[in-house]
Amino acid sequence: MMNEIHNKRQVTAKVIPISIASGRRNVLQSYDDMIIDKRVPGWLVPLLERLKQLKNILVNNTQKIVFFFCLLSLVSCKKESLDNVEDIPGLGGDTWASTPIDKWVFDSLTVPFNIAVKYKWDQFELSVNKTLVPPKEEKIIPVLSAVKKVWIDTYIAETDSLFMKKYVPKFFALAGSASWNTDGTITLGTAEGGRKVVLYVLNDFRTKGMTGYVPSDSFGIKRMFHTIEHEFGHILHQTIMYPLDYKSISVGFYTSNWNNVSDAQANRDGFVSAYAESSPDEDFVEMISMMLVEGKAGFNAIVNSIPAGTSDNNVTQAQAISRLRQKEAIVVSYFKDTWGIDFYSLQTRVRAQVEKLIK
């Protein structure tokens, strides 16, 4: 409303040109009226003539002279040097005294994998149009330690450290709360170009053995690793695309209205989660993340939970199960043929590390 009112008010600005006031010219013109005759001492005549000439130069070239001095002023500013830039406030980035958190990050993530972590609050690393809170510092090491054990170490065990050094995102930004969207959904994590990962909801992170832990906290733990595995799945398929046959399995069933569908309803149509219905790419990485975090038994439980009958979209139980098994087979072969990774072995390792945190 304030902007609308402001826009309706037309502000008229007066433009004052750079010039010499008219009264000044009359004063200087009086020298031309001066009569130099024999009453004027001879030694004063050359001086008066010189004053006339100087007056004419000033009147006729005033604007040029003003412009010259302005230009001279600008040139002199450009020639100024900044000798002691170290003393200028605000340059050089954020600085703070190193803490045990910084040392842990440096030793565990920066040195071996060249990963930088920003946990100090910086809204511009996140979505500036969202209301977020900083992460609690006591959560940083437990979260990142769990991330390393569940995600990085398990991939290294199936490949080697060079694989993760090459493909792991190099910058992590952390937020304490979830990022709520206008449609009522929340963003739990993002990956930007395979180089930066943003993790949210750190302040709710509690594992077995931490103060206040209850079994229901396992949902939040699995959700965090679901997000990480999901985003890393994007990095992998954006590097080398998965087989295009995958996109034909559920063709015609992808929808932008996925947020109004429950996971159970999505399962009945042959999707591992509701979000998998949003696009083939999201479907593919949702399969990766759900299969890894839930483990083989957990994924089988999802498949076996599909009830008899037909879904609202006329998909039978047998068709839904077949679709999920086809997707599973392509994920497994993609990891083997493209990356040389035994997916089921990786799945066993990931699930074992998850269970250490929740059971």
# chains A, B, ... in the order shown; residues from 1 in each chain; ligands from 1

$ select_by_dssp --residues "range 80-249 of chain A" --states "helix (DSSP H, G or I)" --output "ChimeraX atom specification"
/A:85-87,100-113,123-125,137-158,161-167,202-204,217-239,245-249

$ residues_around --residues "Gln319 in chain A" --least-positions-apart "4" --cutoff "12 Å" --atoms "only C-alpha atoms" --output "count of residues only"
21

$ residues_around --residues "Val143 in chain A" --least-positions-apart "3" --cutoff "8 Å" --atoms "only C-alpha atoms" --output "PyMOL selection string"
chain A and resi 139-140+146-147+202+205

$ write_last_selection --atoms "N, CA, C and O atoms" --output "short mmCIF file (atom, residue, chain, number, x, y, z; two decimals), in the first residue's frame"
data_model
loop_
_atom_site.label_atom_id
_atom_site.label_comp_id
_atom_site.auth_asym_id
_atom_site.auth_seq_id
_atom_site.Cartn_x
_atom_site.Cartn_y
_atom_site.Cartn_z
N LYS A 139 24.95 -28.71 17.96
CA LYS A 139 24.46 -29.70 17.01
C LYS A 139 25.43 -29.93 15.85
O LYS A 139 25.31 -30.94 15.14
N ILE A 140 26.37 -29.03 15.65
CA ILE A 140 27.18 -29.06 14.43
C ILE A 140 28.01 -30.34 14.32
O ILE A 140 27.93 -31.06 13.33
N ALA A 146 27.74 -37.61 11.90
CA ALA A 146 26.79 -38.60 11.40
C ALA A 146 26.75 -38.60 9.88
O ALA A 146 26.69 -39.65 9.24
N VAL A 147 26.80 -37.41 9.28
CA VAL A 147 26.80 -37.29 7.83
C VAL A 147 28.01 -38.02 7.25
O VAL A 147 27.91 -38.75 6.25
N LEU A 202 18.55 -28.59 11.53
CA LEU A 202 19.61 -29.15 12.37
C LEU A 202 19.25 -29.13 13.85
O LEU A 202 19.70 -29.98 14.61
N PHE A 205 17.87 -32.29 15.43
CA PHE A 205 18.66 -33.52 15.28
C PHE A 205 19.00 -34.10 16.66
O PHE A 205 19.67 -33.48 17.46
#

$ closest_residue --among "A:Val168, A:Gly189, A:Glu158, A:Pro112" --to "Tyr344 in chain A" --atoms "only C-alpha atoms"
A:Glu158

$ atom_distance --atom1 "CA of Tyr155 in chain A" --atom2 "CA of Tyr119 in chain A"
24.5 Å

$ select_by_dssp --residues "range 85-292 of chain A" --states "strand (DSSP E or B)" --output "ChimeraX atom specification"
/A:116-118,171-174,179-180,186-187,189-192,196-199

$ closest_residue --among "A:Lys149, A:Ser179, A:Leu109, A:Ala264" --to "Asp312 in chain A" --atoms "only C-alpha atoms"
A:Ala264

$ atom_distance --atom1 "CA of Asp281 in chain A" --atom2 "CA of Thr190 in chain A"
14.6 Å

$ residues_around --residues "Tyr167 in chain A" --least-positions-apart "5" --cutoff "8 Å" --atoms "only C-alpha atoms" --output "PyMOL selection string"
chain A and resi 194+235-236

$ closest_residue --among "A:Tyr246, A:Glu138, A:His230, A:Glu277" --to "Thr211 in chain A" --atoms "only C-alpha atoms"
A:Glu138

$ atom_distance --atom1 "CA of Asn259 in chain A" --atom2 "CA of Asp183 in chain A"
8.3 Å

$ decode --residues "range 311-322 of chain A" --atoms "all heavy atoms" --output "mmCIF file, in the first residue's frame"
data_model
loop_
_atom_site.group_PDB
_atom_site.id
_atom_site.type_symbol
_atom_site.label_atom_id
_atom_site.label_comp_id
_atom_site.auth_asym_id
_atom_site.auth_seq_id
_atom_site.Cartn_x
_atom_site.Cartn_y
_atom_site.Cartn_z
ATOM 1 N N SER A 311 -5.869 -48.654 -7.579
ATOM 2 C CA SER A 311 -5.727 -47.293 -7.057
ATOM 3 C C SER A 311 -6.734 -46.364 -7.695
ATOM 4 O O SER A 311 -7.448 -46.738 -8.638
ATOM 5 C CB SER A 311 -4.317 -46.772 -7.325
ATOM 6 O OG SER A 311 -4.158 -46.449 -8.697
ATOM 7 N N ASP A 312 -6.800 -45.135 -7.223
ATOM 8 C CA ASP A 312 -7.703 -44.141 -7.809
ATOM 9 C C ASP A 312 -7.362 -43.852 -9.261
ATOM 10 O O ASP A 312 -8.194 -43.322 -10.007
ATOM 11 C CB ASP A 312 -7.649 -42.839 -6.996
ATOM 12 C CG ASP A 312 -8.217 -43.004 -5.595
ATOM 13 O OD1 ASP A 312 -8.990 -43.965 -5.385
ATOM 14 O OD2 ASP A 312 -7.872 -42.179 -4.714
ATOM 15 N N ASN A 313 -6.116 -44.161 -9.653
ATOM 16 C CA ASN A 313 -5.675 -43.937 -11.034
ATOM 17 C C ASN A 313 -5.706 -45.228 -11.857
ATOM 18 O O ASN A 313 -5.029 -45.327 -12.894
ATOM 19 C CB ASN A 313 -4.268 -43.334 -11.043
ATOM 20 C CG ASN A 313 -4.234 -41.936 -10.459
ATOM 21 O OD1 ASN A 313 -5.088 -41.108 -10.770
ATOM 22 N ND2 ASN A 313 -3.267 -41.668 -9.605
ATOM 23 N N ASN A 314 -6.472 -46.220 -11.334
ATOM 24 C CA ASN A 314 -6.681 -47.484 -12.053
ATOM 25 C C ASN A 314 -5.399 -48.305 -12.231
ATOM 26 O O ASN A 314 -5.215 -48.998 -13.248
ATOM 27 C CB ASN A 314 -7.322 -47.239 -13.424
ATOM 28 C CG ASN A 314 -8.722 -46.662 -13.310
ATOM 29 O OD1 ASN A 314 -9.520 -47.084 -12.472
ATOM 30 N ND2 ASN A 314 -9.014 -45.670 -14.148
ATOM 31 N N VAL A 315 -4.507 -48.214 -11.236
ATOM 32 C CA VAL A 315 -3.300 -49.036 -11.234
ATOM 33 C C VAL A 315 -3.541 -50.207 -10.295
ATOM 34 O O VAL A 315 -3.905 -50.012 -9.131
ATOM 35 C CB VAL A 315 -2.074 -48.226 -10.772
ATOM 36 C CG1 VAL A 315 -0.835 -49.111 -10.711
ATOM 37 C CG2 VAL A 315 -1.838 -47.037 -11.696
ATOM 38 N N THR A 316 -3.342 -51.417 -10.800
ATOM 39 C CA THR A 316 -3.570 -52.593 -9.968
ATOM 40 C C THR A 316 -2.400 -52.818 -9.027
ATOM 41 O O THR A 316 -1.316 -52.246 -9.206
ATOM 42 C CB THR A 316 -3.754 -53.844 -10.834
ATOM 43 O OG1 THR A 316 -2.524 -54.132 -11.520
ATOM 44 C CG2 THR A 316 -4.869 -53.645 -11.852
ATOM 45 N N GLN A 317 -2.607 -53.655 -8.030
ATOM 46 C CA GLN A 317 -1.543 -53.999 -7.101
ATOM 47 C C GLN A 317 -0.343 -54.582 -7.844
ATOM 48 O O GLN A 317 0.811 -54.199 -7.584
ATOM 49 C CB GLN A 317 -2.053 -54.994 -6.056
ATOM 50 C CG GLN A 317 -0.997 -55.427 -5.055
ATOM 51 C CD GLN A 317 -1.451 -56.609 -4.210
ATOM 52 O OE1 GLN A 317 -1.977 -57.597 -4.747
ATOM 53 N NE2 GLN A 317 -1.274 -56.510 -2.896
ATOM 54 N N ALA A 318 -0.605 -55.490 -8.764
ATOM 55 C CA ALA A 318 0.475 -56.137 -9.513
ATOM 56 C C ALA A 318 1.246 -55.118 -10.354
ATOM 57 O O ALA A 318 2.490 -55.180 -10.452
ATOM 58 C CB ALA A 318 -0.091 -57.237 -10.409
ATOM 59 N N GLN A 319 0.538 -54.172 -10.964
ATOM 60 C CA GLN A 319 1.206 -53.151 -11.774
ATOM 61 C C GLN A 319 2.082 -52.243 -10.905
ATOM 62 O O GLN A 319 3.208 -51.898 -11.290
ATOM 63 C CB GLN A 319 0.156 -52.312 -12.515
ATOM 64 C CG GLN A 319 -0.534 -53.037 -13.647
ATOM 65 C CD GLN A 319 -1.667 -52.214 -14.249
ATOM 66 O OE1 GLN A 319 -2.378 -51.478 -13.523
ATOM 67 N NE2 GLN A 319 -1.855 -52.315 -15.555
ATOM 68 N N ALA A 320 1.576 -51.851 -9.740
ATOM 69 C CA ALA A 320 2.349 -50.979 -8.847
ATOM 70 C C ALA A 320 3.621 -51.679 -8.377
ATOM 71 O O ALA A 320 4.715 -51.087 -8.381
ATOM 72 C CB ALA A 320 1.495 -50.569 -7.653
ATOM 73 N N ILE A 321 3.484 -52.952 -7.978
ATOM 74 C CA ILE A 321 4.651 -53.707 -7.531
ATOM 75 C C ILE A 321 5.654 -53.880 -8.666
ATOM 76 O O ILE A 321 6.868 -53.719 -8.486
ATOM 77 C CB ILE A 321 4.209 -55.077 -6.978
ATOM 78 C CG1 ILE A 321 3.423 -54.892 -5.681
ATOM 79 C CG2 ILE A 321 5.418 -55.981 -6.744
ATOM 80 C CD1 ILE A 321 2.824 -56.179 -5.121
ATOM 81 N N SER A 322 5.155 -54.174 -9.847
ATOM 82 C CA SER A 322 6.039 -54.342 -11.003
ATOM 83 C C SER A 322 6.818 -53.062 -11.305
ATOM 84 O O SER A 322 8.016 -53.099 -11.613
ATOM 85 C CB SER A 322 5.210 -54.748 -12.226
ATOM 86 O OG SER A 322 6.010 -54.805 -13.386
#
